[in-house]
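Pasted below: data-v4.cif, mmCIF, C-alpha atoms.
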data_model
#
loop_
_atom_site.label_atom_id
_atom_site.label_comp_id
_atom_site.auth_asym_id
_atom_site.auth_seq_id
_atom_site.Cartn_x
_atom_site.Cartn_y
_atom_site.Cartn_z
CA MET A 60 -5.22 -35.03 -11.29
CA ILE A 61 -4.32 -31.40 -10.67
CA LYS A 62 -1.00 -31.05 -8.83
CA ALA A 63 -0.36 -27.30 -9.20
CA VAL A 64 -2.45 -24.13 -9.39
CA LEU A 65 -1.03 -21.17 -11.30
CA PHE A 66 -2.44 -17.67 -11.39
CA ASP A 67 -2.24 -14.48 -13.36
CA LEU A 68 -1.39 -11.56 -11.07
CA ASP A 69 -3.15 -8.34 -12.10
CA GLY A 70 -6.92 -8.80 -12.06
CA THR A 71 -6.76 -12.38 -10.76
CA LEU A 72 -4.79 -12.48 -7.51
CA ALA A 73 -4.44 -8.77 -6.83
CA ASP A 74 -6.50 -5.68 -7.56
CA THR A 75 -3.70 -3.54 -8.97
CA ALA A 76 -5.96 -1.19 -10.92
CA PRO A 77 -5.90 1.58 -8.25
CA ASP A 78 -2.13 2.00 -8.53
CA LEU A 79 -2.02 1.56 -12.30
CA GLY A 80 -4.81 4.12 -12.59
CA ALA A 81 -3.03 6.55 -10.28
CA ALA A 82 0.04 6.38 -12.51
CA LEU A 83 -2.07 7.07 -15.59
CA ASN A 84 -3.86 9.98 -13.95
CA LYS A 85 -0.58 11.58 -12.85
CA LEU A 86 0.56 11.43 -16.45
CA LEU A 87 -2.71 12.87 -17.73
CA ALA A 88 -2.48 15.71 -15.21
CA GLU A 89 1.04 16.50 -16.39
CA GLU A 90 -0.33 16.84 -19.90
CA GLY A 91 -3.24 19.01 -18.79
CA LEU A 92 -5.78 16.34 -19.70
CA PRO A 93 -8.78 15.16 -17.67
CA VAL A 94 -8.14 12.20 -15.37
CA GLN A 95 -9.93 8.92 -15.94
CA PRO A 96 -12.44 7.53 -13.44
CA TYR A 97 -11.77 4.16 -11.82
CA THR A 98 -14.77 2.69 -13.62
CA ALA A 99 -13.02 3.32 -16.94
CA ILE A 100 -9.58 2.21 -15.72
CA ARG A 101 -10.54 -1.09 -14.10
CA PRO A 102 -11.62 -3.04 -17.22
CA ILE A 103 -8.44 -1.96 -19.04
CA ALA A 104 -5.95 -2.60 -16.24
CA SER A 105 -5.00 -6.11 -17.41
CA HIS A 106 -3.71 -4.61 -20.64
CA GLY A 107 -0.96 -2.73 -18.83
CA ALA A 108 0.75 0.37 -20.14
CA ARG A 109 -0.44 -0.14 -23.70
CA GLY A 110 -4.11 -0.33 -22.73
CA LEU A 111 -4.04 2.44 -20.15
CA ILE A 112 -2.14 4.88 -22.34
CA GLY A 113 -4.57 4.08 -25.11
CA LEU A 114 -7.45 4.84 -22.75
CA GLY A 115 -6.02 8.14 -21.56
CA PHE A 116 -4.39 9.47 -24.70
CA GLY A 117 -6.01 7.61 -27.58
CA VAL A 118 -2.65 6.48 -28.96
CA THR A 119 -1.17 3.08 -29.84
CA PRO A 120 2.42 1.81 -29.80
CA LEU A 121 2.63 2.87 -33.46
CA ASP A 122 2.21 6.56 -32.53
CA ALA A 123 5.32 8.70 -32.18
CA THR A 124 4.34 9.88 -28.70
CA PHE A 125 3.72 6.41 -27.26
CA LEU A 126 7.24 5.51 -26.14
CA ASP A 127 7.74 8.70 -24.14
CA LEU A 128 4.32 8.33 -22.52
CA ARG A 129 5.09 4.69 -21.63
CA VAL A 130 8.41 5.58 -20.01
CA ARG A 131 6.78 8.29 -17.91
CA PHE A 132 3.79 6.11 -17.01
CA LEU A 133 6.07 3.32 -15.79
CA ALA A 134 8.14 5.79 -13.77
CA HIS A 135 5.01 6.93 -11.96
CA TYR A 136 3.95 3.31 -11.38
CA GLU A 137 7.40 2.32 -10.12
CA ALA A 138 7.29 5.14 -7.57
CA ALA A 139 4.05 3.80 -6.00
CA PRO A 140 3.20 0.24 -7.08
CA HIS A 141 1.51 -0.92 -3.89
CA GLN A 142 -0.24 1.99 -2.21
CA GLY A 143 -3.74 0.98 -3.25
CA THR A 144 -3.19 -2.61 -4.40
CA VAL A 145 -4.87 -5.36 -2.39
CA LEU A 146 -5.53 -9.07 -2.79
CA PHE A 147 -9.00 -9.83 -4.07
CA ASP A 148 -11.41 -11.00 -1.40
CA GLY A 149 -10.85 -14.68 -0.66
CA VAL A 150 -7.44 -14.97 -2.31
CA ALA A 151 -5.46 -15.37 0.92
CA GLU A 152 -7.84 -18.08 2.11
CA LEU A 153 -7.65 -19.79 -1.29
CA ILE A 154 -3.85 -19.88 -1.28
CA GLN A 155 -3.80 -21.31 2.25
CA ALA A 156 -6.31 -23.98 1.25
CA ILE A 157 -4.26 -24.89 -1.83
CA ALA A 158 -1.17 -25.33 0.34
CA ASP A 159 -3.12 -27.30 2.94
CA ARG A 160 -4.19 -29.73 0.20
CA GLY A 161 -0.56 -30.35 -0.70
CA LEU A 162 -0.73 -28.61 -4.05
CA ALA A 163 1.98 -26.38 -5.45
CA TRP A 164 1.06 -22.86 -6.52
CA GLY A 165 2.65 -20.09 -8.52
CA ILE A 166 2.23 -16.95 -10.60
CA ILE A 167 2.53 -16.35 -14.34
CA THR A 168 2.12 -12.67 -15.19
CA ASN A 169 2.91 -10.41 -18.12
CA LYS A 170 3.97 -7.68 -15.68
CA PRO A 171 7.69 -6.99 -16.21
CA GLY A 172 9.85 -8.61 -13.55
CA LYS A 173 11.02 -5.27 -12.17
CA TYR A 174 7.48 -4.37 -11.13
CA THR A 175 6.54 -7.88 -10.03
CA GLU A 176 9.49 -7.84 -7.63
CA LEU A 177 8.48 -4.44 -6.27
CA LEU A 178 4.92 -5.57 -5.63
CA MET A 179 5.23 -9.13 -4.34
CA PRO A 180 6.71 -8.38 -0.89
CA HIS A 181 3.71 -6.17 -0.12
CA LEU A 182 1.03 -8.75 -0.90
CA PRO A 183 -0.15 -10.52 2.28
CA LEU A 184 0.07 -14.02 0.86
CA PRO A 185 -0.01 -16.71 3.57
CA VAL A 186 2.26 -19.07 1.60
CA ALA A 187 4.99 -17.97 -0.81
CA PRO A 188 4.59 -19.06 -4.44
CA ALA A 189 6.81 -21.91 -5.58
CA VAL A 190 7.43 -20.13 -8.89
CA VAL A 191 6.93 -16.60 -10.24
CA VAL A 192 7.17 -16.05 -13.99
CA SER A 193 7.05 -12.44 -15.17
CA GLY A 194 6.53 -11.03 -18.64
CA ASP A 195 10.27 -10.96 -19.34
CA THR A 196 11.22 -14.23 -17.63
CA ALA A 197 10.64 -16.52 -20.61
CA ALA A 198 11.34 -16.03 -24.30
CA ALA A 199 7.99 -14.28 -24.88
CA PRO A 200 5.00 -13.27 -22.73
CA LYS A 201 1.49 -14.73 -22.83
CA PRO A 202 -0.29 -15.67 -25.09
CA ASP A 203 2.95 -17.37 -26.10
CA PRO A 204 3.18 -20.73 -24.31
CA ALA A 205 6.77 -20.11 -23.15
CA PRO A 206 5.84 -18.74 -19.68
CA MET A 207 3.52 -21.66 -19.04
CA LEU A 208 6.18 -24.20 -19.97
CA HIS A 209 8.77 -22.34 -17.89
CA ALA A 210 6.56 -22.46 -14.80
CA ALA A 211 5.69 -26.13 -15.23
CA ALA A 212 9.36 -27.03 -15.69
CA ALA A 213 10.34 -25.04 -12.61
CA LEU A 214 7.76 -26.95 -10.58
CA GLY A 215 8.70 -30.29 -12.11
CA ILE A 216 5.04 -30.87 -12.94
CA ALA A 217 3.75 -31.60 -16.45
CA PRO A 218 1.46 -28.86 -17.85
CA GLU A 219 -1.51 -31.24 -18.04
CA TYR A 220 -1.40 -31.54 -14.25
CA CYS A 221 -1.50 -27.74 -13.83
CA LEU A 222 -4.54 -25.48 -13.58
CA TYR A 223 -4.21 -21.87 -14.69
CA VAL A 224 -6.48 -19.04 -13.56
CA GLY A 225 -6.59 -15.72 -15.41
CA ASP A 226 -8.89 -12.88 -16.39
CA ALA A 227 -7.71 -12.15 -19.93
CA GLU A 228 -7.99 -13.91 -23.28
CA ARG A 229 -4.21 -14.30 -23.48
CA ASP A 230 -4.27 -16.21 -20.18
CA ILE A 231 -6.75 -18.76 -21.44
CA GLU A 232 -5.04 -19.01 -24.82
CA ALA A 233 -1.60 -19.61 -23.32
CA GLY A 234 -2.90 -22.21 -20.89
CA ARG A 235 -4.82 -24.08 -23.57
CA LYS A 236 -1.77 -24.21 -25.86
CA VAL A 237 0.12 -26.34 -23.35
CA GLY A 238 -2.79 -28.46 -22.15
CA MET A 239 -3.38 -26.82 -18.78
CA THR A 240 -6.88 -26.74 -17.31
CA THR A 241 -7.92 -23.11 -17.78
CA VAL A 242 -10.15 -21.08 -15.50
CA LEU A 243 -11.60 -17.66 -16.22
CA ALA A 244 -11.51 -15.31 -13.22
CA ASN A 245 -14.76 -13.61 -14.15
CA TYR A 246 -14.42 -11.19 -11.23
CA GLY A 247 -11.31 -9.68 -12.83
CA TYR A 248 -10.61 -6.95 -15.35
CA ILE A 249 -13.02 -7.81 -18.13
CA ALA A 250 -14.30 -5.04 -20.38
CA GLU A 251 -17.78 -4.82 -21.86
CA THR A 252 -16.23 -5.28 -25.29
CA ASP A 253 -14.51 -8.53 -24.28
CA THR A 254 -16.01 -11.87 -25.30
CA PRO A 255 -14.95 -14.26 -22.51
CA HIS A 256 -17.57 -16.83 -23.52
CA ALA A 257 -15.56 -17.35 -26.70
CA TRP A 258 -12.15 -17.78 -25.06
CA GLY A 259 -12.56 -21.48 -24.41
CA ALA A 260 -11.84 -21.67 -20.68
CA ASP A 261 -12.70 -24.99 -19.09
CA PHE A 262 -14.83 -23.15 -16.54
CA LYS A 263 -15.20 -19.76 -14.88
CA ILE A 264 -15.39 -18.56 -11.29
CA GLU A 265 -17.13 -15.48 -9.92
CA HIS A 266 -15.14 -15.49 -6.64
CA PRO A 267 -11.68 -16.91 -5.86
CA LEU A 268 -12.94 -19.41 -3.30
CA GLU A 269 -15.17 -21.06 -5.92
CA LEU A 270 -11.98 -22.61 -7.28
CA LEU A 271 -11.76 -24.98 -4.32
CA ALA A 272 -14.66 -27.06 -5.62
CA HIS A 273 -12.54 -27.93 -8.66
CA LEU A 274 -9.38 -28.95 -6.80
CA PRO A 275 -8.40 -32.27 -5.23
CA ALA A 276 -9.49 -32.42 -1.58
#

If you took the structure in this file and wrote it as C-alpha coordinates, what would it be?
Amino acid sequence: MIKAVLFDLDGTLADTAPDLGAALNKLLAEEGLPVQPYTAIRPIASHGARGLIGLGFGVTPLDATFLDLRVRFLAHYEAAPHQGTVLFDGVAELIQAIADRGLAWGIITNKPGKYTELLMPHLPLPVAPAVVVSGDTAAAPKPDPAPMLHAAAALGIAPEYCLYVGDAERDIEAGRKVGMTTVLANYGYIAETDTPHAWGADFKIEHPLELLAHLPA
(Lines of atoms letter the chains of each structure in order from A and count residues from 1; the text may use other names and numbers.)
(Lines give C-alpha, C1' and ligand atoms only; values in the text may rest on other atoms or scores of the structure.)
Protein backbone atom coordinates (compact mmCIF):
# COMPACT_ATOMS: atom_id res chain seq x y z
CA MET A 1 0.00 0.00 0.00
CA ILE A 2 1.20 3.50 -0.85
CA LYS A 3 2.30 5.42 2.26
CA ALA A 4 4.04 8.43 0.67
CA VAL A 5 3.63 10.53 -2.47
CA LEU A 6 6.72 12.23 -3.88
CA PHE A 7 6.81 14.78 -6.67
CA ASP A 8 9.18 16.39 -9.09
CA LEU A 9 9.01 20.18 -8.78
CA ASP A 10 9.43 21.93 -12.15
CA GLY A 11 6.72 20.84 -14.56
CA THR A 12 4.94 18.62 -12.03
CA LEU A 13 4.03 20.66 -8.95
CA ALA A 14 4.85 24.14 -10.20
CA ASP A 15 4.82 25.89 -13.56
CA THR A 16 8.27 27.45 -13.34
CA ALA A 17 8.73 27.90 -17.08
CA PRO A 18 7.73 31.62 -17.07
CA ASP A 19 10.59 32.55 -14.74
CA LEU A 20 13.11 30.20 -16.33
CA GLY A 21 12.13 31.60 -19.73
CA ALA A 22 12.45 35.18 -18.51
CA ALA A 23 15.99 34.45 -17.36
CA LEU A 24 16.85 32.96 -20.75
CA ASN A 25 15.34 35.88 -22.64
CA LYS A 26 17.26 38.43 -20.55
CA LEU A 27 20.44 36.61 -21.47
CA LEU A 28 19.51 36.47 -25.14
CA ALA A 29 18.74 40.19 -25.12
CA GLU A 30 22.15 40.90 -23.61
CA GLU A 31 23.70 39.04 -26.51
CA GLY A 32 21.59 40.84 -29.09
CA LEU A 33 19.74 37.67 -30.03
CA PRO A 34 16.00 37.20 -30.55
CA VAL A 35 14.03 36.11 -27.49
CA GLN A 36 12.29 32.76 -27.42
CA PRO A 37 8.49 32.45 -27.25
CA TYR A 38 6.91 30.68 -24.30
CA THR A 39 5.69 27.93 -26.61
CA ALA A 40 9.31 27.02 -27.34
CA ILE A 41 10.50 27.42 -23.75
CA ARG A 42 7.82 25.38 -21.97
CA PRO A 43 8.67 21.91 -23.34
CA ILE A 44 12.36 22.44 -22.54
CA ALA A 45 11.96 23.90 -19.04
CA SER A 46 12.41 20.57 -17.22
CA HIS A 47 15.91 20.34 -18.67
CA GLY A 48 17.07 23.39 -16.74
CA ALA A 49 19.98 25.58 -17.72
CA ARG A 50 21.46 23.02 -20.10
CA GLY A 51 18.26 22.66 -22.12
CA LEU A 52 17.33 26.34 -22.15
CA ILE A 53 20.79 27.55 -23.10
CA GLY A 54 20.80 24.93 -25.83
CA LEU A 55 17.47 26.26 -27.06
CA GLY A 56 18.54 29.88 -27.08
CA PHE A 57 22.15 29.63 -28.16
CA GLY A 58 22.50 26.23 -29.83
CA VAL A 59 25.39 25.23 -27.58
CA THR A 60 26.04 22.25 -25.29
CA PRO A 61 28.10 21.93 -22.09
CA LEU A 62 31.02 20.90 -24.31
CA ASP A 63 31.13 24.34 -25.96
CA ALA A 64 33.61 26.89 -24.64
CA THR A 65 30.91 29.54 -24.17
CA PHE A 66 28.54 27.33 -22.18
CA LEU A 67 29.90 27.87 -18.67
CA ASP A 68 29.77 31.66 -18.89
CA LEU A 69 26.25 31.55 -20.32
CA ARG A 70 25.15 29.19 -17.53
CA VAL A 71 26.54 31.43 -14.80
CA ARG A 72 24.77 34.46 -16.24
CA PHE A 73 21.52 32.56 -16.83
CA LEU A 74 21.45 31.36 -13.22
CA ALA A 75 22.17 34.88 -11.96
CA HIS A 76 19.13 36.17 -13.84
CA TYR A 77 17.01 33.30 -12.50
CA GLU A 78 18.21 33.83 -8.94
CA ALA A 79 17.19 37.49 -9.13
CA ALA A 80 13.56 36.59 -9.98
CA PRO A 81 12.71 32.92 -9.36
CA HIS A 82 9.07 33.33 -8.38
CA GLN A 83 7.56 36.29 -10.22
CA GLY A 84 5.62 34.21 -12.72
CA THR A 85 5.77 30.75 -11.14
CA VAL A 86 2.49 29.23 -9.97
CA LEU A 87 1.28 25.84 -8.79
CA PHE A 88 -0.41 23.86 -11.52
CA ASP A 89 -4.19 23.84 -11.31
CA GLY A 90 -5.34 21.31 -8.73
CA VAL A 91 -1.99 20.87 -6.99
CA ALA A 92 -2.96 22.65 -3.77
CA GLU A 93 -6.15 20.59 -3.52
CA LEU A 94 -4.18 17.41 -4.24
CA ILE A 95 -1.64 18.08 -1.49
CA GLN A 96 -4.41 18.79 1.01
CA ALA A 97 -6.18 15.57 0.06
CA ILE A 98 -2.95 13.59 0.41
CA ALA A 99 -2.46 14.99 3.91
CA ASP A 100 -6.10 14.36 4.81
CA ARG A 101 -5.64 10.70 3.88
CA GLY A 102 -2.74 10.42 6.31
CA LEU A 103 -0.09 10.03 3.64
CA ALA A 104 3.32 11.65 3.75
CA TRP A 105 4.41 13.79 0.83
CA GLY A 106 7.63 15.32 -0.42
CA ILE A 107 9.64 16.71 -3.31
CA ILE A 108 12.56 15.26 -5.27
CA THR A 109 13.89 17.76 -7.81
CA ASN A 110 17.05 18.21 -9.84
CA LYS A 111 16.87 21.96 -9.21
CA PRO A 112 19.94 22.98 -7.18
CA GLY A 113 19.14 23.49 -3.51
CA LYS A 114 19.93 27.20 -3.64
CA TYR A 115 17.08 27.81 -6.08
CA THR A 116 14.71 25.32 -4.46
CA GLU A 117 15.09 27.21 -1.18
CA LEU A 118 14.43 30.54 -2.89
CA LEU A 119 11.26 29.25 -4.54
CA MET A 120 9.60 27.06 -1.91
CA PRO A 121 8.46 29.81 0.50
CA HIS A 122 6.53 31.46 -2.34
CA LEU A 123 4.52 28.39 -3.35
CA PRO A 124 1.06 28.40 -1.71
CA LEU A 125 1.19 24.81 -0.54
CA PRO A 126 -1.46 24.03 2.10
CA VAL A 127 0.76 21.48 3.88
CA ALA A 128 4.56 21.64 4.07
CA PRO A 129 6.46 18.72 2.49
CA ALA A 130 7.93 16.20 4.90
CA VAL A 131 11.10 16.02 2.81
CA VAL A 132 12.67 18.11 0.03
CA VAL A 133 15.54 16.61 -1.96
CA SER A 134 17.28 18.92 -4.42
CA GLY A 135 19.68 18.13 -7.23
CA ASP A 136 22.71 18.55 -4.96
CA THR A 137 21.27 16.95 -1.81
CA ALA A 138 22.26 13.37 -2.58
CA ALA A 139 25.39 11.94 -4.18
CA ALA A 140 24.01 12.41 -7.71
CA PRO A 141 20.80 13.80 -9.26
CA LYS A 142 18.08 11.86 -11.08
CA PRO A 143 18.16 9.54 -13.00
CA ASP A 144 20.56 8.23 -10.38
CA PRO A 145 18.55 6.47 -7.65
CA ALA A 146 20.36 8.30 -4.83
CA PRO A 147 17.76 11.10 -4.43
CA MET A 148 14.94 8.58 -4.30
CA LEU A 149 16.65 6.51 -1.63
CA HIS A 150 17.52 9.66 0.33
CA ALA A 151 13.88 10.79 0.38
CA ALA A 152 12.57 7.36 1.36
CA ALA A 153 15.10 7.09 4.17
CA ALA A 154 14.23 10.57 5.43
CA LEU A 155 10.57 9.58 5.57
CA GLY A 156 11.30 6.20 7.12
CA ILE A 157 9.23 4.56 4.39
CA ALA A 158 10.55 1.83 2.07
CA PRO A 159 10.71 2.89 -1.61
CA GLU A 160 8.16 0.25 -2.64
CA TYR A 161 5.58 2.05 -0.50
CA CYS A 162 6.28 5.37 -2.24
CA LEU A 163 4.69 6.77 -5.39
CA TYR A 164 6.69 9.22 -7.50
CA VAL A 165 5.17 11.70 -9.95
CA GLY A 166 7.28 13.42 -12.60
CA ASP A 167 7.19 14.79 -16.12
CA ALA A 168 10.61 13.73 -17.43
CA GLU A 169 12.20 10.44 -18.43
CA ARG A 170 14.78 10.75 -15.66
CA ASP A 171 11.96 10.93 -13.10
CA ILE A 172 10.43 7.67 -14.23
CA GLU A 173 13.81 6.00 -14.59
CA ALA A 174 14.96 6.98 -11.10
CA GLY A 175 11.70 5.88 -9.52
CA ARG A 176 11.69 2.54 -11.30
CA LYS A 177 15.28 1.81 -10.22
CA VAL A 178 14.26 1.77 -6.57
CA GLY A 179 10.88 0.09 -6.98
CA MET A 180 8.64 3.12 -6.52
CA THR A 181 5.30 3.29 -8.30
CA THR A 182 5.93 5.82 -11.08
CA VAL A 183 3.43 8.27 -12.51
CA LEU A 184 3.90 10.41 -15.59
CA ALA A 185 2.58 13.96 -15.19
CA ASN A 186 1.49 14.23 -18.80
CA TYR A 187 0.41 17.85 -18.29
CA GLY A 188 4.03 18.84 -17.63
CA TYR A 189 6.98 19.89 -19.75
CA ILE A 190 7.00 17.23 -22.43
CA ALA A 191 8.44 18.05 -25.85
CA GLU A 192 7.15 16.76 -29.16
CA THR A 193 10.41 14.85 -29.56
CA ASP A 194 9.98 13.05 -26.22
CA THR A 195 8.72 9.47 -26.14
CA PRO A 196 6.86 9.20 -22.81
CA HIS A 197 5.06 6.04 -23.91
CA ALA A 198 8.44 4.30 -23.81
CA TRP A 199 9.51 5.49 -20.36
CA GLY A 200 7.76 2.71 -18.50
CA ALA A 201 5.65 4.68 -16.02
CA ASP A 202 3.06 2.63 -14.19
CA PHE A 203 0.40 5.10 -15.33
CA LYS A 204 -0.04 8.69 -16.44
CA ILE A 205 -2.27 11.56 -15.36
CA GLU A 206 -3.52 14.49 -17.43
CA HIS A 207 -4.40 16.62 -14.37
CA PRO A 208 -2.99 16.55 -10.82
CA LEU A 209 -6.29 15.61 -9.20
CA GLU A 210 -6.48 12.41 -11.27
CA LEU A 211 -3.83 11.04 -8.93
CA LEU A 212 -6.35 10.71 -6.11
CA ALA A 213 -8.02 7.74 -7.79
CA HIS A 214 -4.76 5.81 -7.39
CA LEU A 215 -4.17 6.59 -3.70
CA PRO A 216 -5.51 4.89 -0.58
CA ALA A 217 -8.77 6.49 0.55

## Note on the structure
Closest of A:Pro202, A:Gly115, A:Gly225, A:Gly161 to Pro93 (chain A), counting only C-alpha atoms, is A:Gly115

### Message
Translate the PyMOL selection byres ((chain A and resi 133) around 12) into a concrete residue list for this structure, as a PyMOL selection string.
### Response
chain A and resi 78-83+85-86+107-109+111-112+126-132+134-140+170-171+173-174

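Residue neighbourhood of region 261-265 of chain A, excluding near-sequence residues (fewer than 2 positions): A:Thr240, A:Thr241, A:Val242, A:Leu243, A:Ala244, A:Asn245, A:Tyr246, A:Gly259, A:Pro267, A:Glu269, A:Leu270, at 7 Å, using all atoms listed in the file.
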
### Query
What is the CA of Glu232 (chain A) to CA of Pro255 (chain A) distance in Å?
11.2 Å

### Task
Name the residues captured by the PyMOL selection byres ((chain A and resi 217) around 10) when it is applied to the shown file; answer as number ranges by chain.
A: 61-63, 208, 210-212, 214-216, 218-221, 237-239

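Nearest to Ala198 (chain A) of all the residues A:Asn169, A:Gln142, A:Thr254, A:Thr175 is A:Asn169, counting all atoms listed in the file.
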
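The residues returned by the PyMOL selection byres ((chain A and resi 68-77) around 6) on the shown structure are A:Asp67, A:Asp78, A:Leu79, A:Gly80, A:Arg101, A:Ala104, A:Gly143, A:Thr144, A:Val145, A:Leu146, A:Phe147, A:Thr168, A:Gly225, A:Gly247, A:Tyr248.
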
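Interatomic distance, CA of Ala257 (chain A) to CA of Glu228 (chain A): 9.0 Å.
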
### Task
Excluding Ala158 (chain A) and any residue of its chain fewer than 5 positions from it, enumerate the residues within 12 Å of it, using all atoms listed in the file, and give them as a PyMOL selection string.
chain A and resi 62-64+151-153+163-165+184-189+271+274-276

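Here CA of Val224 (chain A) stands at a distance of 27.9 Å from CA of Pro120 (chain A).
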